[in-house]
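Q: Structure in structure tokens, see below.
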Amino acid sequence: MSAPILDLRGAGFGYVSNARVLSNISFAIHPGEVVALVGRNGAGKSTMLRLLNGLLRPQEGQVLVQGADSAGMKVAEISRHIGTVFQAPEQQIFNASVESEIAFGPARMGLTPEEERARISDAADRCGLTEVMATHPLDLDAARRRFVALASVLACTPALILLDEAQRGLDRENRDRLGRIIRDESAQGRAVLLVCHDMDFVAAHAARVLALAEGHLIADLPVADFFADAAATRRASVEQPGIVELSLASLGEVALNARAYADRAAERLRKGKP
Amino acid sequence: MAAAKDKDREKTLLYVPGEGWLHRLNPLTRLTGLGLVAVAAFALPPAATIVIALVATLMGTVAGAGAVFLRRLTLTLGPLALALFVVHGMLMDHPNRFGFLGLDLSHDGLMYMVKILGRIAALLSGSLVFVTTTHPSALLKALDSHGFPPGVSYLIASPLLLLEPFTQRARAIREAQMARGLDLEGSFFARIRAFPALLLPLVTLALADIDHRAQVLDGRGFRARPRRTVLDAPKDSPRQRLARRVMLGLAPLLIVGAFFWH
């Protein structure tokens, strides 16, 4: 396996000295992986995101970004490797047009004008923003604003993208668009970390789940194994997707989507199993 | 985590929890006191304003807010004193000049500096006594329970109420911009260049927020009735009511007196 983009080694953090919000967290994210970070409200997910993108520094252990200790890196340096799409895109939008907003990151990367234009155009196209490039981002609907924030990150081609509840409030078409972007990023060897309460979205797009509970990493499992682990899902306050519940109840194994469920059910019928 | 957030919130508000006599006063009594300090700061001569500032600082320290006072007074008055010293004490053409440590100073200019500093110190320390001992929600309840119309109560308390969400939003914007590569840890000039990226979303969102906040208040029937019922109104007493009346009576006397001693 290739070297990890992100490597946490016993990382811990607390806002006050005697209370750890995160303790002894260790995991790595490799190129091409799509990982979901799940856990109940207050489990430490937001703090974890801040540790990963350098806004907070671990008070114990290490966070390695592309092999280098993040303790010695500025947030701006880390942002070249790790891009973040926050829950409230309005908080990062300040340019007067969608185009200049997407150009904010690439303009700081020392690219040629052709490269920069190509990146902006590609990111806008993938996010469905080509028609609104001259519009003020705050004149767009909430879903498109989120895609503006995502496009501004995509245009920087970071090795890892952190998506904080990016799917929340999106309609079917926009969820599908987000799903396509996640798959494309993975196919191009970049990694995605989804912070997500929507387990249907996790089942559809993530390959691996990191579950947090009371500041500890309680599970680091392939997505099917995580949903099959009743104790872990309960501790993380996670509701299993309907298809997982159905497949566990009727087949005794996890199917992550309707097609997988139908295939397994058909196979059992062929083998004469009930 | 919740404790950390509570601590954060208190820092944002400058409010310092406490059980002392100053905290136990009805917020309206403290608000009236602040009004009297504001009038006195302009009406009284410089020596009196300095005494007011010292007394207010002492009160704040006794109330457990000594660190807040020290920080705010130093950060505000320090640079201001330096600027006034240079401009009025040295540069401006005030009379009564004298030499000191090789500097050409003006006695009248320095007196003017003391007068301005005294006023600002009195206003600032009086305001700090109020904000460090008064939680915005307690002020709102006190105003409502004394029959102020909800709109007026909200107008008076809103600067304090909005401080917290405004500061939190400013922090979130700062983090969001840093995470997308804005260098806020670099040189002074890099930070100056980054300023619009922080300020524009803050102002835009604040303006957008006004409409939203008004709709939410209307939607919750904020002004449906001329008075609001308060279940846990801050305690009041006949003595405090008398004190407030005395302070309200003193204010016009100070204004009239100012015409004589200035």
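The way I read the labels, and the way they are meant: chains A, B, ... in the order of the structure tokens, residue 1 as the first residue of every chain, and ligand 1 as the first ligand shown, with later ones counted on from there.
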Could you make a table, as CSV, of the residues of chain A that have an atom within 7 Å of an atom of chain B, each with its nearest atom pair and distance in Å to one decimal, counting only C-alpha atoms, in chain and number order?
A:
residue,atom,partner,partner_atom,distance
A:Tyr15,CA,B:Ala4,CA,6.0
A:Val16,CA,B:Ala4,CA,6.4
A:Val21,CA,B:Met1,CA,6.3
A:Asn53,CA,B:Ala179,CA,6.5
A:Leu55,CA,B:Glu175,CA,6.7
A:Val75,CA,B:Met178,CA,6.2
A:Ala76,CA,B:Gly181,CA,4.2
A:Ser79,CA,B:Gly181,CA,5.3
A:Gly83,CA,B:Arg180,CA,6.4
A:Thr84,CA,B:Ala179,CA,6.3
A:Phe86,CA,B:Ala176,CA,7.0
A:Gln91,CA,B:Ile173,CA,4.9
A:Gln92,CA,B:Ala176,CA,5.5
A:Ile93,CA,B:Pro201,CA,6.4
A:Phe94,CA,B:Pro201,CA,5.2
A:Gly105,CA,B:Arg180,CA,6.8
Q: Could you write out, as an NGL selection string, all the residues of stretch 17-168 of chain A that DSSP marks as helix (DSSP H, G or I)?
A: :A and (45-52 or 70-72 or 75-78 or 89-92 or 98-103 or 106-108 or 113-126 or 130-132 or 137-139 or 142-154)
Q: Distance atom CA of A:Thr157-atom CA of A:Leu170, one decimal place?
A: 23.3 Å
Q: Write out as a PDB file with N, CA and C atoms, in the first residue's frame each polymer residue whose atoms come within 9 Å of B:Arg24, counting only C-alpha atoms; drop sequence neighbours fewer than 3 positions from it.
A:
ATOM      1  N   GLY B  18     -20.400  35.357  39.379  1.00  0.00           N
ATOM      2  CA  GLY B  18     -20.040  35.649  40.765  1.00  0.00           C
ATOM      3  C   GLY B  18     -21.271  35.760  41.635  1.00  0.00           C
ATOM      4  N   GLU B  19     -21.041  35.791  42.951  1.00  0.00           N
ATOM      5  CA  GLU B  19     -22.149  35.856  43.917  1.00  0.00           C
ATOM      6  C   GLU B  19     -22.031  37.070  44.814  1.00  0.00           C
ATOM      7  N   GLY B  20     -21.086  37.972  44.531  1.00  0.00           N
ATOM      8  CA  GLY B  20     -20.850  39.145  45.390  1.00  0.00           C
ATOM      9  C   GLY B  20     -22.004  40.143  45.324  1.00  0.00           C
ATOM     10  N   TRP B  21     -21.896  41.201  46.125  1.00  0.00           N
ATOM     11  CA  TRP B  21     -23.006  42.175  46.206  1.00  0.00           C
ATOM     12  C   TRP B  21     -23.257  42.859  44.867  1.00  0.00           C
ATOM     13  N   PRO B  27     -29.932  44.281  37.607  1.00  0.00           N
ATOM     14  CA  PRO B  27     -29.222  44.825  36.433  1.00  0.00           C
ATOM     15  C   PRO B  27     -29.599  46.271  36.114  1.00  0.00           C
ATOM     16  N   THR B 133     -20.383  42.087  35.203  1.00  0.00           N
ATOM     17  CA  THR B 133     -21.273  41.600  36.273  1.00  0.00           C
ATOM     18  C   THR B 133     -22.714  41.390  35.805  1.00  0.00           C
ATOM     19  N   PRO B 234     -34.966  39.176  37.963  1.00  0.00           N
ATOM     20  CA  PRO B 234     -33.902  39.443  38.939  1.00  0.00           C
ATOM     21  C   PRO B 234     -34.465  40.186  40.141  1.00  0.00           C
ATOM     22  N   LYS B 235     -33.893  39.870  41.321  1.00  0.00           N
ATOM     23  CA  LYS B 235     -34.427  40.460  42.562  1.00  0.00           C
ATOM     24  C   LYS B 235     -34.236  41.975  42.573  1.00  0.00           C
TER      25      LYS B 235
END
Q: Name the closest residue to A:Ala155 among the candidates A:Glu239, A:Glu33, A:Asp176, A:Glu185; distances are taken between atoms, counting only C-alpha atoms.
A: A:Glu185
Q: Pick the closest to A:Leu140 from A:Asp220, A:Glu267, A:Glu60, A:Glu90: which is it, counting only C-alpha atoms?
A: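 Closest to A:Leu140 of all the choices is A:Glu90.
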Q: Where does stretch 188-262 of chain B meet stretch 31-52 of chain B within 7 Å, residue by residue, with the nearest atom pair and distance in Å to one decimal for each, counting only C-alpha atoms, listed by chain and rising number, as JSON lines?
A:
{"residue": "B:Arg244", "atom": "CA", "partner": "B:Thr32", "partner_atom": "CA", "distance": 6.2}
{"residue": "B:Met247", "atom": "CA", "partner": "B:Leu36", "partner_atom": "CA", "distance": 6.3}
{"residue": "B:Ala251", "atom": "CA", "partner": "B:Leu36", "partner_atom": "CA", "distance": 5.8}
{"residue": "B:Leu254", "atom": "CA", "partner": "B:Ala43", "partner_atom": "CA", "distance": 6.0}
{"residue": "B:Ile255", "atom": "CA", "partner": "B:Ala43", "partner_atom": "CA", "distance": 5.8}
{"residue": "B:Ala258", "atom": "CA", "partner": "B:Ala43", "partner_atom": "CA", "distance": 4.8}
Q: Write the selection just made, keeping N, CA and C atoms, as a short mmCIF file (atom, residue, chain, number, x, y, z; two decimals), in the first residue's frame?
A:
data_model
loop_
_atom_site.label_atom_id
_atom_site.label_comp_id
_atom_site.auth_asym_id
_atom_site.auth_seq_id
_atom_site.Cartn_x
_atom_site.Cartn_y
_atom_site.Cartn_z
N ARG B 244 -31.74 54.07 42.45
CA ARG B 244 -31.87 54.39 41.02
C ARG B 244 -32.47 55.79 40.85
N MET B 247 -29.84 58.34 41.58
CA MET B 247 -28.87 58.46 40.47
C MET B 247 -29.50 59.21 39.29
N ALA B 251 -28.06 62.98 37.80
CA ALA B 251 -27.54 63.19 36.44
C ALA B 251 -27.81 64.60 35.92
N LEU B 254 -25.65 67.13 37.73
CA LEU B 254 -24.26 67.13 37.26
C LEU B 254 -24.13 67.95 35.97
N ILE B 255 -25.12 67.79 35.09
CA ILE B 255 -25.06 68.52 33.82
C ILE B 255 -25.15 70.03 34.07
N ALA B 258 -21.95 71.28 35.63
CA ALA B 258 -20.82 71.34 34.69
C ALA B 258 -20.68 72.73 34.09
#
Q: Do a neighbour search on A:Arg264 at 12 Å with only C-alpha atoms, toss out local chain neighbours closer than 3 positions, and write the hits as a ChimeraX atom specification.
A: /A:247-248,250-261,267-271,273-274
Q: Keeping N, CA and C atoms, export the residues of the selection given above as a PDB file, in the first residue's frame.
A:
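Listed below is the output, part.pdb:
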ATOM      1  N   SER A 247     -31.234  -6.633   5.266  1.00  0.00           N
ATOM      2  CA  SER A 247     -30.372  -7.744   4.865  1.00  0.00           C
ATOM      3  C   SER A 247     -29.890  -8.544   6.073  1.00  0.00           C
ATOM      4  N   LEU A 248     -29.614  -7.829   7.186  1.00  0.00           N
ATOM      5  CA  LEU A 248     -29.184  -8.552   8.391  1.00  0.00           C
ATOM      6  C   LEU A 248     -30.321  -9.428   8.914  1.00  0.00           C
ATOM      7  N   SER A 250     -32.981 -10.627   7.176  1.00  0.00           N
ATOM      8  CA  SER A 250     -33.465 -11.682   6.286  1.00  0.00           C
ATOM      9  C   SER A 250     -32.362 -12.609   5.777  1.00  0.00           C
ATOM     10  N   LEU A 251     -31.141 -12.053   5.603  1.00  0.00           N
ATOM     11  CA  LEU A 251     -30.060 -12.884   5.050  1.00  0.00           C
ATOM     12  C   LEU A 251     -28.996 -13.225   6.094  1.00  0.00           C
ATOM     13  N   GLY A 252     -28.980 -12.454   7.181  1.00  0.00           N
ATOM     14  CA  GLY A 252     -27.955 -12.678   8.211  1.00  0.00           C
ATOM     15  C   GLY A 252     -26.610 -12.106   7.818  1.00  0.00           C
ATOM     16  N   GLU A 253     -26.573 -11.284   6.792  1.00  0.00           N
ATOM     17  CA  GLU A 253     -25.326 -10.624   6.385  1.00  0.00           C
ATOM     18  C   GLU A 253     -25.658  -9.230   5.859  1.00  0.00           C
ATOM     19  N   VAL A 254     -24.612  -8.412   5.716  1.00  0.00           N
ATOM     20  CA  VAL A 254     -24.835  -7.022   5.328  1.00  0.00           C
ATOM     21  C   VAL A 254     -24.812  -6.858   3.816  1.00  0.00           C
ATOM     22  N   ALA A 255     -25.869  -6.243   3.298  1.00  0.00           N
ATOM     23  CA  ALA A 255     -25.860  -5.775   1.909  1.00  0.00           C
ATOM     24  C   ALA A 255     -25.997  -4.256   1.962  1.00  0.00           C
ATOM     25  N   LEU A 256     -25.129  -3.534   1.254  1.00  0.00           N
ATOM     26  CA  LEU A 256     -25.092  -2.079   1.391  1.00  0.00           C
ATOM     27  C   LEU A 256     -26.027  -1.357   0.432  1.00  0.00           C
ATOM     28  N   ASN A 257     -26.548  -2.090  -0.558  1.00  0.00           N
ATOM     29  CA  ASN A 257     -27.515  -1.440  -1.461  1.00  0.00           C
ATOM     30  C   ASN A 257     -28.488  -2.488  -1.995  1.00  0.00           C
ATOM     31  N   ALA A 258     -29.524  -2.020  -2.653  1.00  0.00           N
ATOM     32  CA  ALA A 258     -30.601  -2.906  -3.090  1.00  0.00           C
ATOM     33  C   ALA A 258     -30.100  -3.955  -4.080  1.00  0.00           C
ATOM     34  N   ARG A 259     -29.179  -3.552  -4.962  1.00  0.00           N
ATOM     35  CA  ARG A 259     -28.668  -4.504  -5.955  1.00  0.00           C
ATOM     36  C   ARG A 259     -27.915  -5.656  -5.274  1.00  0.00           C
ATOM     37  N   ALA A 260     -27.049  -5.280  -4.290  1.00  0.00           N
ATOM     38  CA  ALA A 260     -26.291  -6.310  -3.567  1.00  0.00           C
ATOM     39  C   ALA A 260     -27.251  -7.233  -2.819  1.00  0.00           C
ATOM     40  N   TYR A 261     -28.288  -6.646  -2.256  1.00  0.00           N
ATOM     41  CA  TYR A 261     -29.270  -7.438  -1.523  1.00  0.00           C
ATOM     42  C   TYR A 261     -29.957  -8.430  -2.471  1.00  0.00           C
ATOM     43  N   GLU A 267     -28.870 -15.587  -4.990  1.00  0.00           N
ATOM     44  CA  GLU A 267     -27.865 -16.635  -4.840  1.00  0.00           C
ATOM     45  C   GLU A 267     -28.295 -17.664  -3.791  1.00  0.00           C
ATOM     46  N   ARG A 268     -28.876 -17.162  -2.692  1.00  0.00           N
ATOM     47  CA  ARG A 268     -29.345 -18.073  -1.651  1.00  0.00           C
ATOM     48  C   ARG A 268     -30.477 -18.952  -2.171  1.00  0.00           C
ATOM     49  N   LEU A 269     -31.339 -18.342  -2.969  1.00  0.00           N
ATOM     50  CA  LEU A 269     -32.450 -19.124  -3.536  1.00  0.00           C
ATOM     51  C   LEU A 269     -31.924 -20.215  -4.460  1.00  0.00           C
ATOM     52  N   ARG A 270     -30.893 -19.822  -5.263  1.00  0.00           N
ATOM     53  CA  ARG A 270     -30.293 -20.812  -6.182  1.00  0.00           C
ATOM     54  C   ARG A 270     -29.700 -21.980  -5.411  1.00  0.00           C
ATOM     55  N   LYS A 271     -29.096 -21.646  -4.251  1.00  0.00           N
ATOM     56  CA  LYS A 271     -28.470 -22.698  -3.445  1.00  0.00           C
ATOM     57  C   LYS A 271     -29.487 -23.440  -2.581  1.00  0.00           C
ATOM     58  N   LYS A 273     -31.187 -22.197  -0.101  1.00  0.00           N
ATOM     59  CA  LYS A 273     -31.260 -21.758   1.306  1.00  0.00           C
ATOM     60  C   LYS A 273     -32.528 -20.946   1.506  1.00  0.00           C
ATOM     61  N   PRO A 274     -33.076 -20.933   2.721  1.00  0.00           N
ATOM     62  CA  PRO A 274     -34.312 -20.157   2.961  1.00  0.00           C
ATOM     63  C   PRO A 274     -34.016 -18.655   2.914  1.00  0.00           C
TER      64      PRO A 274
END
Q: Just the strand (DSSP E) stuff from stretch 9-255 of chain B, please, per backbone DSSP, written as an MDAnalysis selection string.
A: chainID B and resid 97:100 103:106
Q: What separation in Å, quoted to one decimal, exists between atom CA of A:Val34 and atom CA of A:Ile5?
A: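 One can read the atom CA of A:Val34 to atom CA of A:Ile5 distance as 12.3 Å.
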Q: Using only C-alpha atoms, determine which residues lie at most 10 Å from B:Leu91, disregarding the query and same-chain residues fewer than 5 positions distant; provide the list as a PyMOL selection string.
A: chain B and resi 84-86+104-106+109
Q: Please, could you write that set of residues out with N, CA and C atoms as a PDB file, in the first residue's frame?
A:
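Below you can see part_30.pdb, which holds the result:
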ATOM      1  N   LEU B  84      -1.855  60.407  22.666  1.00  0.00           N
ATOM      2  CA  LEU B  84      -2.202  61.734  23.192  1.00  0.00           C
ATOM      3  C   LEU B  84      -0.963  62.463  23.695  1.00  0.00           C
ATOM      4  N   PHE B  85      -0.046  61.690  24.298  1.00  0.00           N
ATOM      5  CA  PHE B  85       1.191  62.294  24.807  1.00  0.00           C
ATOM      6  C   PHE B  85       1.986  62.908  23.652  1.00  0.00           C
ATOM      7  N   VAL B  86       2.118  62.130  22.580  1.00  0.00           N
ATOM      8  CA  VAL B  86       2.906  62.605  21.432  1.00  0.00           C
ATOM      9  C   VAL B  86       2.206  63.791  20.760  1.00  0.00           C
ATOM     10  N   ASP B 104      10.558  68.571  24.402  1.00  0.00           N
ATOM     11  CA  ASP B 104       9.885  69.866  24.498  1.00  0.00           C
ATOM     12  C   ASP B 104       8.393  69.608  24.724  1.00  0.00           C
ATOM     13  N   LEU B 105       7.958  69.750  25.988  1.00  0.00           N
ATOM     14  CA  LEU B 105       6.578  69.382  26.344  1.00  0.00           C
ATOM     15  C   LEU B 105       5.746  70.624  26.644  1.00  0.00           C
ATOM     16  N   SER B 106       4.417  70.434  26.530  1.00  0.00           N
ATOM     17  CA  SER B 106       3.513  71.527  26.846  1.00  0.00           C
ATOM     18  C   SER B 106       2.683  71.149  28.072  1.00  0.00           C
ATOM     19  N   GLY B 109      -0.939  71.018  27.075  1.00  0.00           N
ATOM     20  CA  GLY B 109      -1.174  69.825  26.249  1.00  0.00           C
ATOM     21  C   GLY B 109      -1.283  68.577  27.106  1.00  0.00           C
TER      22      GLY B 109
END
Q: Atom CA of B:Leu73 to atom CA of B:Val129: how many Å, to one decimal?
A: 11.9 Å
Q: Determine the nearest neighbour of B:Thr229 from the options B:Leu207, B:Ser145, B:Pro159, B:Gln215, counting only C-alpha atoms.
A: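 For B:Thr229, the nearest of the given residues is B:Ser145.
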